[in-house]
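With PDB, C-alpha atoms inside, this is final.pdb:
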ATOM      1  CA  GLN P   1     112.368-101.288  83.428
ATOM      2  CA  ARG P   2     111.069 -98.171  81.686
ATOM      3  CA  LEU P   3     112.215 -96.042  84.622
ATOM      4  CA  ASP P   4     115.794 -95.034  85.332
ATOM      5  CA  THR P   5     117.158 -96.197  88.656
ATOM      6  CA  LEU P   6     119.708 -94.277  90.687
ATOM      7  CA  ALA P   7     122.273 -96.937  89.818
ATOM      8  CA  GLU P   8     121.622 -96.477  86.095
ATOM      9  CA  CYS P   9     121.966 -92.694  86.319
ATOM     10  CA  LEU P  10     125.228 -92.985  88.225
ATOM     11  CA  GLN P  11     126.536 -95.646  85.878
ATOM     12  CA  ARG P  12     126.011 -93.330  82.908
ATOM     13  CA  ALA P  13     127.888 -90.633  84.842
ATOM     14  CA  GLY P  14     130.925 -92.897  85.076
ATOM     15  CA  PHE P  15     130.356 -94.624  88.403
ATOM     16  CA  THR P  16     131.000 -98.315  88.865
ATOM     17  CA  THR P  17     128.087 -99.897  90.714
ATOM     18  CA  ALA P  18     127.577-102.905  92.964
ATOM     19  CA  ALA P  19     124.932-104.222  95.321
ATOM     20  CA  PHE P  20     125.156-106.736  98.145
ATOM     21  CA  SER P  21     121.757-107.768  99.444
ATOM     22  CA  GLY P  22     121.007-109.889 102.478
ATOM     23  CA  SER P  23     117.292-109.881 101.703
ATOM     24  CA  PRO P  24     115.719-112.780  99.809
ATOM     25  CA  LEU P  25     113.290-110.208  98.342
ATOM     26  CA  ILE P  26     115.853-107.723  97.014
ATOM     27  CA  VAL P  27     117.168-109.904  94.204
ATOM     28  CA  PRO P  28     117.818-109.692  90.448
ATOM     29  CA  ALA P  29     114.760-111.854  89.750
ATOM     30  CA  LYS P  30     112.658-108.872  90.874
ATOM     31  CA  GLN P  31     114.608-106.440  88.657
ATOM     32  CA  PHE P  32     116.480-104.863  91.541
ATOM     33  CA  ASP P  33     119.710-105.312  89.598
ATOM     34  CA  GLN P  34     118.921-102.529  87.123
ATOM     35  CA  GLY P  35     122.054-100.453  86.703
ATOM     36  CA  PHE P  36     124.303-102.645  88.838
ATOM     37  CA  GLU P  37     127.386-104.222  87.288
ATOM     38  CA  LEU P  38     127.504-106.630  90.226
ATOM     39  CA  PHE P  39     124.507-107.759  92.268
ATOM     40  CA  ASP P  40     125.379-110.238  95.003
ATOM     41  CA  ALA P  41     122.173-111.684  96.445
ATOM     42  CA  SER P  42     120.789-114.839  97.992
ATOM     43  CA  ARG P  43     120.015-117.525  95.466
ATOM     44  CA  GLU P  44     118.592-119.906  98.036
ATOM     45  CA  GLY P  45     115.632-117.749  99.037
ATOM     46  CA  PHE P  46     116.919-117.192 102.576
ATOM     47  CA  LEU P  47     118.179-114.035 104.230
ATOM     48  CA  ARG P  48     121.908-113.688 104.689
ATOM     49  CA  ARG P  49     123.465-112.274 107.827
ATOM     50  CA  ALA P  50     126.021-109.504 107.697
ATOM     51  CA  ASP P  51     128.920-111.806 108.517
ATOM     52  CA  LEU P  52     128.376-113.416 105.101
ATOM     53  CA  LEU P  53     127.430-110.210 103.312
ATOM     54  CA  VAL P  54     129.959-107.613 104.436
ATOM     55  CA  PRO P  55     133.301-109.376 103.723
ATOM     56  CA  PRO P  56     132.757-109.608  99.925
ATOM     57  CA  ALA P  57     131.540-105.996  99.947
ATOM     58  CA  LEU P  58     134.778-104.987 101.672
ATOM     59  CA  ASP P  59     136.778-106.823  99.006
ATOM     60  CA  TRP P  60     134.835-104.953  96.327
ATOM     61  CA  LEU P  61     135.546-101.630  98.040
ATOM     62  CA  ALA P  62     139.244-102.443  98.282
ATOM     63  CA  ALA P  63     139.384-102.756  94.498
ATOM     64  CA  ARG P  64     137.661 -99.394  93.940
ATOM     65  CA  ARG P  65     140.487 -97.092  95.001
ATOM     66  CA  GLY P  66     140.696 -94.242  92.522
ATOM     67  CA  GLU P  67     137.283 -95.009  91.028
ATOM     68  CA  ARG P  68     133.926 -93.307  91.418
ATOM     69  CA  PHE P  69     131.616 -95.913  92.836
ATOM     70  CA  PHE P  70     128.117 -96.527  94.147
ATOM     71  CA  LEU P  71     127.680 -99.329  96.666
ATOM     72  CA  TYR P  72     124.259-100.540  97.817
ATOM     73  CA  LEU P  73     124.624-102.640 100.972
ATOM     74  CA  HIS P  74     121.417-104.162 102.335
ATOM     75  CA  LEU P  75     121.885-105.547 105.855
ATOM     76  CA  MET P  76     119.124-107.662 107.372
ATOM     77  CA  GLU P  77     119.955-107.011 111.021
ATOM     78  CA  PRO P  78     117.812-106.522 113.024
ATOM     79  CA  HIS P  79     115.321-108.856 111.349
ATOM     80  CA  ALA P  80     113.719-111.919 112.807
ATOM     81  CA  PRO P  81     115.015-114.430 113.560
ATOM     82  CA  TYR P  82     117.227-112.373 115.878
ATOM     83  CA  ILE P  83     120.674-113.976 115.739
ATOM     84  CA  PRO P  84     123.238-111.411 116.930
ATOM     85  CA  LEU P  85     127.000-111.501 117.131
ATOM     86  CA  GLU P  86     128.293-113.263 120.220
ATOM     87  CA  GLU P  87     129.725-110.039 121.650
ATOM     88  CA  ALA P  88     126.371-108.352 121.192
ATOM     89  CA  ARG P  89     124.557-111.249 122.844
ATOM     90  CA  ALA P  90     126.898-111.067 125.820
ATOM     91  CA  ARG P  91     126.258-107.330 126.167
ATOM     92  CA  PHE P  92     122.508-107.137 125.626
ATOM     93  CA  ALA P  93     121.041-110.613 125.955
ATOM     94  CA  PRO P  94     123.100-112.525 128.526
ATOM     95  CA  ASP P  95     120.012-113.914 130.259
ATOM     96  CA  VAL P  96     118.429-115.398 127.143
ATOM     97  CA  PRO P  97     118.690-119.197 127.371
ATOM     98  CA  ARG P  98     120.819-120.789 124.707
ATOM     99  CA  ASP P  99     118.050-123.237 123.894
ATOM    100  CA  PHE P 100     115.612-120.411 123.092
ATOM    101  CA  ASP P 101     114.782-120.844 119.410
ATOM    102  CA  ALA P 102     115.124-117.471 117.675
ATOM    103  CA  TYR P 103     112.899-118.778 114.876
ATOM    104  CA  GLU P 104     110.029-119.199 117.339
ATOM    105  CA  MET P 105     109.190-115.498 117.148
ATOM    106  CA  LEU P 106     108.428-115.804 113.445
ATOM    107  CA  GLY P 107     105.303-117.698 114.384
ATOM    108  CA  TRP P 108     104.213-115.197 117.013
ATOM    109  CA  GLN P 109     103.235-112.558 114.489
ATOM    110  CA  TRP P 110     100.754-114.866 112.796
ATOM    111  CA  ASP P 111      99.272-116.060 116.081
ATOM    112  CA  LEU P 112      98.954-112.487 117.340
ATOM    113  CA  ARG P 113      97.320-111.331 114.129
ATOM    114  CA  SER P 114      94.830-114.181 113.926
ATOM    115  CA  ASP P 115      94.051-114.679 117.605
ATOM    116  CA  GLY P 116      95.555-111.678 119.373
ATOM    117  CA  PHE P 117      92.334-110.175 120.782
ATOM    118  CA  GLU P 118      89.298-111.289 122.723
ATOM    119  CA  ARG P 119      85.872-110.547 121.294
ATOM    120  CA  ASP P 120      85.588-107.527 123.580
ATOM    121  CA  GLY P 121      88.874-106.128 122.241
ATOM    122  CA  ARG P 122      91.121-107.089 125.142
ATOM    123  CA  PRO P 123      94.580-108.225 123.974
ATOM    124  CA  ARG P 124      95.602-111.861 124.407
ATOM    125  CA  THR P 125      99.310-111.146 124.137
ATOM    126  CA  ASP P 126     100.251-112.795 127.442
ATOM    127  CA  ALA P 127      98.294-115.928 126.561
ATOM    128  CA  ILE P 128     100.075-116.270 123.224
ATOM    129  CA  VAL P 129     103.579-115.086 124.135
ATOM    130  CA  PRO P 130     104.567-115.120 127.810
ATOM    131  CA  ALA P 131     106.190-111.928 129.078
ATOM    132  CA  GLU P 132     109.495-113.691 129.733
ATOM    133  CA  ARG P 133     109.780-114.850 126.132
ATOM    134  CA  ARG P 134     108.880-111.382 124.861
ATOM    135  CA  GLN P 135     111.690-109.976 126.970
ATOM    136  CA  TRP P 136     114.106-112.506 125.501
ATOM    137  CA  ALA P 137     113.089-111.442 121.998
ATOM    138  CA  SER P 138     113.474-107.771 122.920
ATOM    139  CA  ASP P 139     116.963-108.371 124.308
ATOM    140  CA  LEU P 140     118.001-110.267 121.186
ATOM    141  CA  TYR P 141     116.596-107.458 119.035
ATOM    142  CA  ASP P 142     118.788-104.938 120.886
ATOM    143  CA  ALA P 143     121.764-107.232 120.365
ATOM    144  CA  CYS P 144     121.007-107.382 116.641
ATOM    145  CA  VAL P 145     120.848-103.580 116.445
ATOM    146  CA  TRP P 146     124.317-103.486 118.000
ATOM    147  CA  SER P 147     125.454-106.150 115.517
ATOM    148  CA  ALA P 148     124.241-104.053 112.588
ATOM    149  CA  ASP P 149     125.981-101.005 114.047
ATOM    150  CA  HIS P 150     129.168-103.055 114.339
ATOM    151  CA  TRP P 151     129.080-104.051 110.679
ATOM    152  CA  VAL P 152     128.353-100.492 109.535
ATOM    153  CA  GLY P 153     131.410 -99.473 111.544
ATOM    154  CA  VAL P 154     133.470-102.138 109.762
ATOM    155  CA  VAL P 155     132.461-100.685 106.389
ATOM    156  CA  LEU P 156     133.273 -97.131 107.516
ATOM    157  CA  ALA P 157     136.633 -98.305 108.829
ATOM    158  CA  GLN P 158     137.381 -99.860 105.452
ATOM    159  CA  LEU P 159     136.559 -96.569 103.716
ATOM    160  CA  ALA P 160     138.855 -94.723 106.108
ATOM    161  CA  ALA P 161     141.664 -97.267 105.627
ATOM    162  CA  LEU P 162     141.398 -96.824 101.866
ATOM    163  CA  GLY P 163     141.394 -93.041 102.204
ATOM    164  CA  LEU P 164     137.897 -92.893 100.745
ATOM    165  CA  ASP P 165     135.930 -91.657 103.728
ATOM    166  CA  ASP P 166     136.213 -88.009 102.680
ATOM    167  CA  GLU P 167     134.880 -88.855  99.225
ATOM    168  CA  THR P 168     131.679 -90.631 100.240
ATOM    169  CA  LEU P 169     128.175 -89.630 101.287
ATOM    170  CA  VAL P 170     129.349 -89.971 104.876
ATOM    171  CA  GLU P 171     130.968 -86.571 104.466
ATOM    172  CA  ALA P 172     127.844 -85.179 102.801
ATOM    173  CA  ASP P 173     125.872 -86.272 105.838
ATOM    174  CA  ARG P 174     128.352 -84.642 108.196
ATOM    175  CA  LEU P 175     128.213 -81.437 106.185
ATOM    176  CA  ALA P 176     124.414 -81.358 106.449
ATOM    177  CA  TRP P 177     124.678 -81.745 110.223
ATOM    178  CA  THR P 178     127.298 -78.964 110.422
ATOM    179  CA  LEU P 179     125.150 -76.617 108.356
ATOM    180  CA  ARG P 180     122.170 -77.215 110.664
ATOM    181  CA  GLN P 181     124.263 -75.841 113.530
ATOM    182  CA  VAL P 182     124.871 -72.507 111.769
ATOM    183  CA  PRO P 183     122.739 -69.686 113.203
ATOM    184  CA  GLY P 184     120.076 -68.635 110.726
ATOM    185  CA  VAL P 185     120.051 -71.960 108.837
ATOM    186  CA  GLN P 186     116.584 -73.465 109.195
ATOM    187  CA  THR P 187     117.316 -76.866 107.715
ATOM    188  CA  ALA P 188     119.782 -78.825 105.595
ATOM    189  CA  THR P 189     119.269 -82.305 104.199
ATOM    190  CA  SER P 190     121.704 -84.636 102.468
ATOM    191  CA  VAL P 191     120.964 -87.673 100.345
ATOM    192  CA  ALA P 192     122.387 -89.832 103.106
ATOM    193  CA  ASP P 193     120.070 -88.182 105.631
ATOM    194  CA  THR P 194     117.055 -88.882 103.413
ATOM    195  CA  VAL P 195     118.038 -92.519 102.961
ATOM    196  CA  ARG P 196     118.358 -92.869 106.739
ATOM    197  CA  GLN P 197     114.858 -91.526 107.307
ATOM    198  CA  VAL P 198     113.352 -93.800 104.671
ATOM    199  CA  THR P 199     115.121 -96.821 106.124
ATOM    200  CA  ALA P 200     113.953 -95.967 109.634
ATOM    201  CA  GLY P 201     110.425 -95.768 108.286
ATOM    202  CA  THR P 202     110.618 -99.267 106.851
ATOM    203  CA  PHE P 203     111.521-100.520 110.309
ATOM    204  CA  GLU P 204     108.362 -99.168 111.928
ATOM    205  CA  GLY P 205     110.050 -95.854 112.646
ATOM    206  CA  SER P 206     112.401 -97.380 115.211
ATOM    207  CA  PRO P 207     114.481 -94.455 116.578
ATOM    208  CA  LYS P 208     117.447 -96.809 116.921
ATOM    209  CA  TRP P 209     117.894 -96.742 113.154
ATOM    210  CA  LEU P 210     118.137 -92.948 113.104
ATOM    211  CA  THR P 211     121.506 -93.201 114.825
ATOM    212  CA  LEU P 212     122.588 -96.406 113.113
ATOM    213  CA  LEU P 213     122.755 -95.534 109.441
ATOM    214  CA  PRO P 214     125.604 -93.264 108.337
TER     215      PRO P 214
END
For the file at hand, write its structure as structure tokens.
Amino acid sequence: QRLDTLAECLQRAGFTTAAFSGSPLIVPAKQFDQGFELFDASREGFLRRADLLVPPALDWLAARRGERFFLYLHLMEPHAPYIPLEEARARFAPDVPRDFDAYEMLGWQWDLRSDGFERDGRPRTDAIVPAERRQWASDLYDACVWSADHWVGVVLAQLAALGLDDETLVEADRLAWTLRQVPGVQTATSVADTVRQVTAGTFEGSPKWLTLLP
């Protein structure tokens, strides 16, 4: 609490601040609410999917017309258990049986860590998680990436509908990209671009996130 957060700095500059977190770890009890006038987070200790998280964030945005605001929106997709939108499942995971328990994969990581290798170093992946089930998990992961992309698009559409898209970091990100195309410019980085790279890093550097976060 002795350090200033970004939210606190912006609040002092006249911004109204809010956070909507789907993570059971990013909660006020861990002091993540510093500088936020509103911090909507799970109180049950479980992660919340975007379909529960985004609608109240959209309502908050709708009431911010004409105000300077800072919104922190923490989506959990794609995070195990992989439970995508139905449209995403139909597109990317149509062959995954409906009775496949998405929570099953939560146990795989512990089994693979504790018993994932033979004494000579050979992996025991196939013995612990059959290839077919790994493929199902991979397909559901792809569907969850699409689901997250969908919800980000919903937020961007709300900004556009409110006439706020030109006033957000989305435009700062686009400007950085435009500047990188100018002959003689070696590099240009926006705050949004930096946040994207950090977020991709927290997801094991998955390249899918580099194109997902605006």
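The shortest atom-to-atom distance to Trp151 of chain P, with all atoms listed in the file taken into account, belongs to P:Met76 out of P:Ala7, P:Met76, P:Ala63, P:Ala90.
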Item to complete: Up to 10 Å from (143.1, -94.6, 93.1) in the file's coordinates: name the residues, counting all atoms listed in the file, as a list in words.
Response: Ala63, Arg64, Arg65, Gly66, Glu67, Arg68, Leu162, Gly163 and Leu164 of chain P
Please produce an output containing C-alpha atoms for each residue in the selection, written as an mmCIF file, in the frame of the given file.
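What follows is the written file part25.cif:
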data_model
loop_
_atom_site.group_PDB
_atom_site.id
_atom_site.type_symbol
_atom_site.label_atom_id
_atom_site.label_comp_id
_atom_site.auth_asym_id
_atom_site.auth_seq_id
_atom_site.Cartn_x
_atom_site.Cartn_y
_atom_site.Cartn_z
ATOM 1 C CA ALA P 63 139.384 -102.756 94.498
ATOM 2 C CA ARG P 64 137.661 -99.394 93.940
ATOM 3 C CA ARG P 65 140.487 -97.092 95.001
ATOM 4 C CA GLY P 66 140.696 -94.242 92.522
ATOM 5 C CA GLU P 67 137.283 -95.009 91.028
ATOM 6 C CA ARG P 68 133.926 -93.307 91.418
ATOM 7 C CA LEU P 162 141.398 -96.824 101.866
ATOM 8 C CA GLY P 163 141.394 -93.041 102.204
ATOM 9 C CA LEU P 164 137.897 -92.893 100.745
#
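Put simply, atom CA of Trp108 of chain P is 10.8 Å away from atom CA of Pro130 of chain P.
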Using all atoms listed in the file, collect all residues at a distance of at most 9 Å from (125.1, -105.0, 123.9) as written in the file, then present them as an mmCIF file with C-alpha atoms, in the coordinates of the input.
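Output (part38.cif):
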data_model
loop_
_atom_site.group_PDB
_atom_site.id
_atom_site.type_symbol
_atom_site.label_atom_id
_atom_site.label_comp_id
_atom_site.auth_asym_id
_atom_site.auth_seq_id
_atom_site.Cartn_x
_atom_site.Cartn_y
_atom_site.Cartn_z
ATOM 1 C CA GLU P 87 129.725 -110.039 121.650
ATOM 2 C CA ALA P 88 126.371 -108.352 121.192
ATOM 3 C CA ARG P 89 124.557 -111.249 122.844
ATOM 4 C CA ALA P 90 126.898 -111.067 125.820
ATOM 5 C CA ARG P 91 126.258 -107.330 126.167
ATOM 6 C CA PHE P 92 122.508 -107.137 125.626
ATOM 7 C CA ALA P 93 121.041 -110.613 125.955
ATOM 8 C CA ASP P 139 116.963 -108.371 124.308
ATOM 9 C CA ASP P 142 118.788 -104.938 120.886
ATOM 10 C CA ALA P 143 121.764 -107.232 120.365
ATOM 11 C CA CYS P 144 121.007 -107.382 116.641
ATOM 12 C CA VAL P 145 120.848 -103.580 116.445
ATOM 13 C CA TRP P 146 124.317 -103.486 118.000
ATOM 14 C CA SER P 147 125.454 -106.150 115.517
#
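Taking all atoms listed in the file into account, Ala18 of chain P lies nearest to P:Asp33 out of the set P:Glu104, P:Glu86, P:Asp33, P:Glu132.
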Discussion item. If we count all atoms listed in the file and set the cut-off at 10 Å, which residues sit around Phe32 of chain P, ignoring sequence neighbours fewer than 5 positions away in its own chain? Please answer as an MDAnalysis selection string.
Written reply: chainID P and resid 1 5 7 19 21 25:27 39
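Interatomic distance, atom CA of Phe69 of chain P against atom CA of Gly35 of chain P: 12.2 Å.
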Hits from the PyMOL selection byres ((chain P and resi 81) around 7), listed as an mmCIF file with C-alpha atoms, in the frame of the given file:
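Resulting contents of part.cif:
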data_model
loop_
_atom_site.group_PDB
_atom_site.id
_atom_site.type_symbol
_atom_site.label_atom_id
_atom_site.label_comp_id
_atom_site.auth_asym_id
_atom_site.auth_seq_id
_atom_site.Cartn_x
_atom_site.Cartn_y
_atom_site.Cartn_z
ATOM 1 C CA HIS P 79 115.321 -108.856 111.349
ATOM 2 C CA ALA P 80 113.719 -111.919 112.807
ATOM 3 C CA TYR P 82 117.227 -112.373 115.878
ATOM 4 C CA ILE P 83 120.674 -113.976 115.739
ATOM 5 C CA ALA P 102 115.124 -117.471 117.675
ATOM 6 C CA TYR P 103 112.899 -118.778 114.876
ATOM 7 C CA MET P 105 109.190 -115.498 117.148
ATOM 8 C CA LEU P 106 108.428 -115.804 113.445
#
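Minimum distance to Ala160 of chain P across P:Leu10, P:Ala29, P:Ala57, P:Ala62 (counting all atoms listed in the file) occurs at P:Ala62.
Atom CA of Ala50 of chain P is found 25.0 Å from atom CA of Arg174 of chain P.
Minimum atom-to-atom distances from P:Lys30, P:Leu61, P:Pro56, P:Asp115 to Ala157 of chain P were compared using only C-alpha atoms, and the lowest value belongs to P:Leu61.
Here, the PyMOL selection byres ((chain P and resi 46-48) around 8) matches Ser21, Gly22, Ser23, Pro24, Ser42, Arg43, Glu44, Gly45, Arg49, Ala50, Leu52, Leu53 and Met76 of chain P.
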Please produce a file of the residues just selected, as a PDB file, in the coordinates of the input, where the atoms kept are C-alpha atoms.
ATOM      1  CA  SER P  21     121.757-107.768  99.444  1.00  0.00           C
ATOM      2  CA  GLY P  22     121.007-109.889 102.478  1.00  0.00           C
ATOM      3  CA  SER P  23     117.292-109.881 101.703  1.00  0.00           C
ATOM      4  CA  PRO P  24     115.719-112.780  99.809  1.00  0.00           C
ATOM      5  CA  SER P  42     120.789-114.839  97.992  1.00  0.00           C
ATOM      6  CA  ARG P  43     120.015-117.525  95.466  1.00  0.00           C
ATOM      7  CA  GLU P  44     118.592-119.906  98.036  1.00  0.00           C
ATOM      8  CA  GLY P  45     115.632-117.749  99.037  1.00  0.00           C
ATOM      9  CA  ARG P  49     123.465-112.274 107.827  1.00  0.00           C
ATOM     10  CA  ALA P  50     126.021-109.504 107.697  1.00  0.00           C
ATOM     11  CA  LEU P  52     128.376-113.416 105.101  1.00  0.00           C
ATOM     12  CA  LEU P  53     127.430-110.210 103.312  1.00  0.00           C
ATOM     13  CA  MET P  76     119.124-107.662 107.372  1.00  0.00           C
TER      14      MET P  76
END
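Look at Phe100 of chain P: the protein and nucleic acid residues within 10 Å of it, using all atoms listed in the file and passing over chain neighbours fewer than 4 places away, are Val96, Glu104, Arg133, Trp136 and Ala137 of chain P.
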Take the residues that were just selected and, keeping C-alpha atoms, output them as a short mmCIF file (atom, residue, chain, number, x, y, z; two decimals), in the coordinates of the input.
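And here is the file that came out, selection-v9.cif:
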data_model
loop_
_atom_site.label_atom_id
_atom_site.label_comp_id
_atom_site.auth_asym_id
_atom_site.auth_seq_id
_atom_site.Cartn_x
_atom_site.Cartn_y
_atom_site.Cartn_z
CA VAL P 96 118.43 -115.40 127.14
CA GLU P 104 110.03 -119.20 117.34
CA ARG P 133 109.78 -114.85 126.13
CA TRP P 136 114.11 -112.51 125.50
CA ALA P 137 113.09 -111.44 122.00
#
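Of the listed residues P:Gly184, P:Asp51, P:Arg12, P:Leu6, the one whose atoms come nearest to Val154 of chain P is P:Asp51, with distances taken using all atoms listed in the file.
In this comparison, which uses all atoms listed in the file, the residue of P:Leu140, P:Leu85, P:Leu71, P:Ala161 approaching Phe15 of chain P most closely is P:Leu71.
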